[in-house]
Amino acid sequence: MTYETGETYETYEVTADQVHIPRSDSSAPMAAYVARPIDHPGTTPRPAILIGAELWGLTDQVRALTRDVAALGYVAVAPDLYHRAGQDTGNGFAESDENRTRAFELVSQLTRDGVESDLRAALAHAATHAGAHADKAGMLGFSLGGHVTYFAASRLPLAAAAIYYPGWLTEPGTALSRPDALLSATYAIAGHDTRVRLFFAELDHVIDAGQREETAAALTASGVRHDITVYPGAQHAFFVPGRPAYAKAAAEDSWGRVAALFAEELG
């Protein structure tokens with residue numbers, strides 16, 4: 001497969017499973033979808049990549065994306081960050097107004113320490129049970145998952161973070177952005193030397209040009225290695241096939257940039 005850099009990357013057959021990761025600080029184990037290449041005996045450990053799902057959680061689309069990441073040669077893990085609510089959220093939600101309200105209620109229950117702990121547990125599971133490298137990891141997130149990925153880069157020693165149309169970076173929106181906006185933690189991303197690649201839509205109804213500019217300024221001022229791509233005419237959720245906002249050219253171009261980022265930073 002050839003991407004925007006002109007380089008060609010091998011793709012792999014993958015295997016995938018839904019797992020439940022025990023959590024010592026939660027009454028319920030955490031559901032997670034794990035995909036990895038089918039390797040031959042003696043294959044060296046592969047880097048792990050966390051997947052930050054949209055508001056709808058571990059949907060079939062997220063599972064397909066997790067397999068796509070694994071096909072690039074990584075152990076991909078999509079954790080269910082809603083599990084602490086004590087409800088059955090391991091299969092995500094169908095998109096509806098009722099489920100949107102329910103999902104935002106679950107978002108309101110996320111905490112900084114809880115999310116950090118769950119992401120670390122997902123990486124530990126990948127290293128212990130799925131053959132992932134213990135010290136080499138990245139993260140990819142979309143919308144709410146992009147917000148979570150930005151947060152993760154400020155807390156975890158990630159080598160690379162690919163972030164699509166993240167809301168609530170410049171203003172309160174989730175517990176991850178309170179009491180201070182998440183953008184205030186950008187300096188910590190620089191401390192981890194995480195390379196960040198952001199993708200925005202020009203006509204995003206959630207994130208306007210001012211927020212994009214504020215985000216870029218914070219990354220630059222903090223010395224974070226980063227680049228930002230804004231797709232003209234694109235809307236929020238342009239990456240997801242089957243949605244009214246889907247933009248094939250933007251989705252394919254951005255995916256090439258994601259693959260290049262992980263190849264360059266994770267090997």
# chains A, B, ... in the order shown; residues from 1 in each chain; ligands from 1

call {"tool": "residues_around", "arguments": {"residues": "A:Leu81", "least_positions_apart": "5", "cutoff": "9 Å", "atoms": "only C-alpha atoms", "output": "PyMOL selection string"}}
result
chain A and resi 30-32+52-53+57+89+107+110+114-115+118-119

call {"tool": "write_last_selection", "arguments": {"atoms": "C-alpha atoms", "output": "compact mmCIF listing (two decimals), in the first residue's frame"}}
result
# COMPACT_ATOMS: atom_id res chain seq x y z
CA MET A 30 -13.08 -3.19 31.08
CA ALA A 31 -14.18 -4.47 27.68
CA ALA A 32 -11.67 -3.90 24.92
CA GLY A 52 -9.94 6.38 21.03
CA ALA A 53 -13.54 5.78 19.95
CA GLY A 57 -18.11 3.66 21.91
CA THR A 89 -21.45 -0.59 27.14
CA VAL A 107 -18.92 11.03 29.25
CA LEU A 110 -15.17 10.05 33.09
CA GLY A 114 -9.78 6.85 35.77
CA VAL A 115 -9.14 7.35 32.05
CA ASP A 118 -7.73 2.48 31.97
CA LEU A 119 -5.44 3.45 29.10

call {"tool": "closest_residue", "arguments": {"among": "A:Phe151, A:Phe104, A:Leu58, A:Ala126", "to": "A:Ser177", "atoms": "only C-alpha atoms"}}
result
A:Phe151

call {"tool": "closest_residue", "arguments": {"among": "A:Ile51, A:Ala70, A:Ala263, A:Val224", "to": "A:Tyr187", "atoms": "only C-alpha atoms"}}
result
A:Val224

call {"tool": "atom_distance", "arguments": {"atom1": "atom CA of A:Ala190", "atom2": "atom CA of A:Ala159"}}
result
10.8 Å

call {"tool": "closest_residue", "arguments": {"among": "A:Met139, A:Ala134, A:Leu55, A:Val230", "to": "A:Thr101", "atoms": "only C-alpha atoms"}}
result
A:Leu55

call {"tool": "residues_around", "arguments": {"residues": "A:Asp68", "least_positions_apart": "6", "cutoff": "10 Å", "atoms": "only C-alpha atoms", "output": "list in words"}}
result
Thr11, Tyr12, Glu13, Val14, Ala35, Arg36, Val62, Tyr74 and Ala76 of chain A

call {"tool": "write_last_selection", "arguments": {"atoms": "C-alpha atoms", "output": "JSON list (two decimals), in the first residue's frame"}}
result
[["chain", "number", "residue", "atom", "x", "y", "z"],
["A", 11, "THR", "CA", -0.06, -4.95, 5.35],
["A", 12, "TYR", "CA", -0.75, -8.05, 7.40],
["A", 13, "GLU", "CA", -3.49, -10.54, 8.02],
["A", 14, "VAL", "CA", -4.91, -10.00, 11.48],
["A", 35, "ALA", "CA", -6.46, -6.83, 16.99],
["A", 36, "ARG", "CA", -2.96, -7.89, 16.00],
["A", 62, "VAL", "CA", -14.44, 1.13, 15.61],
["A", 74, "TYR", "CA", 0.66, -3.02, 15.25],
["A", 76, "ALA", "CA", -4.29, -2.26, 18.26]]

call {"tool": "residues_around", "arguments": {"residues": "A:Ala137", "least_positions_apart": "2", "cutoff": "12 Å", "atoms": "only C-alpha atoms", "output": "VMD selection string"}}
result
chain A and resid 45 to 51 74 to 77 119 to 120 122 to 124 126 to 127 132 to 135 139 to 140 152 to 153 156 to 162 192 194 to 195 262 to 263 265 to 267
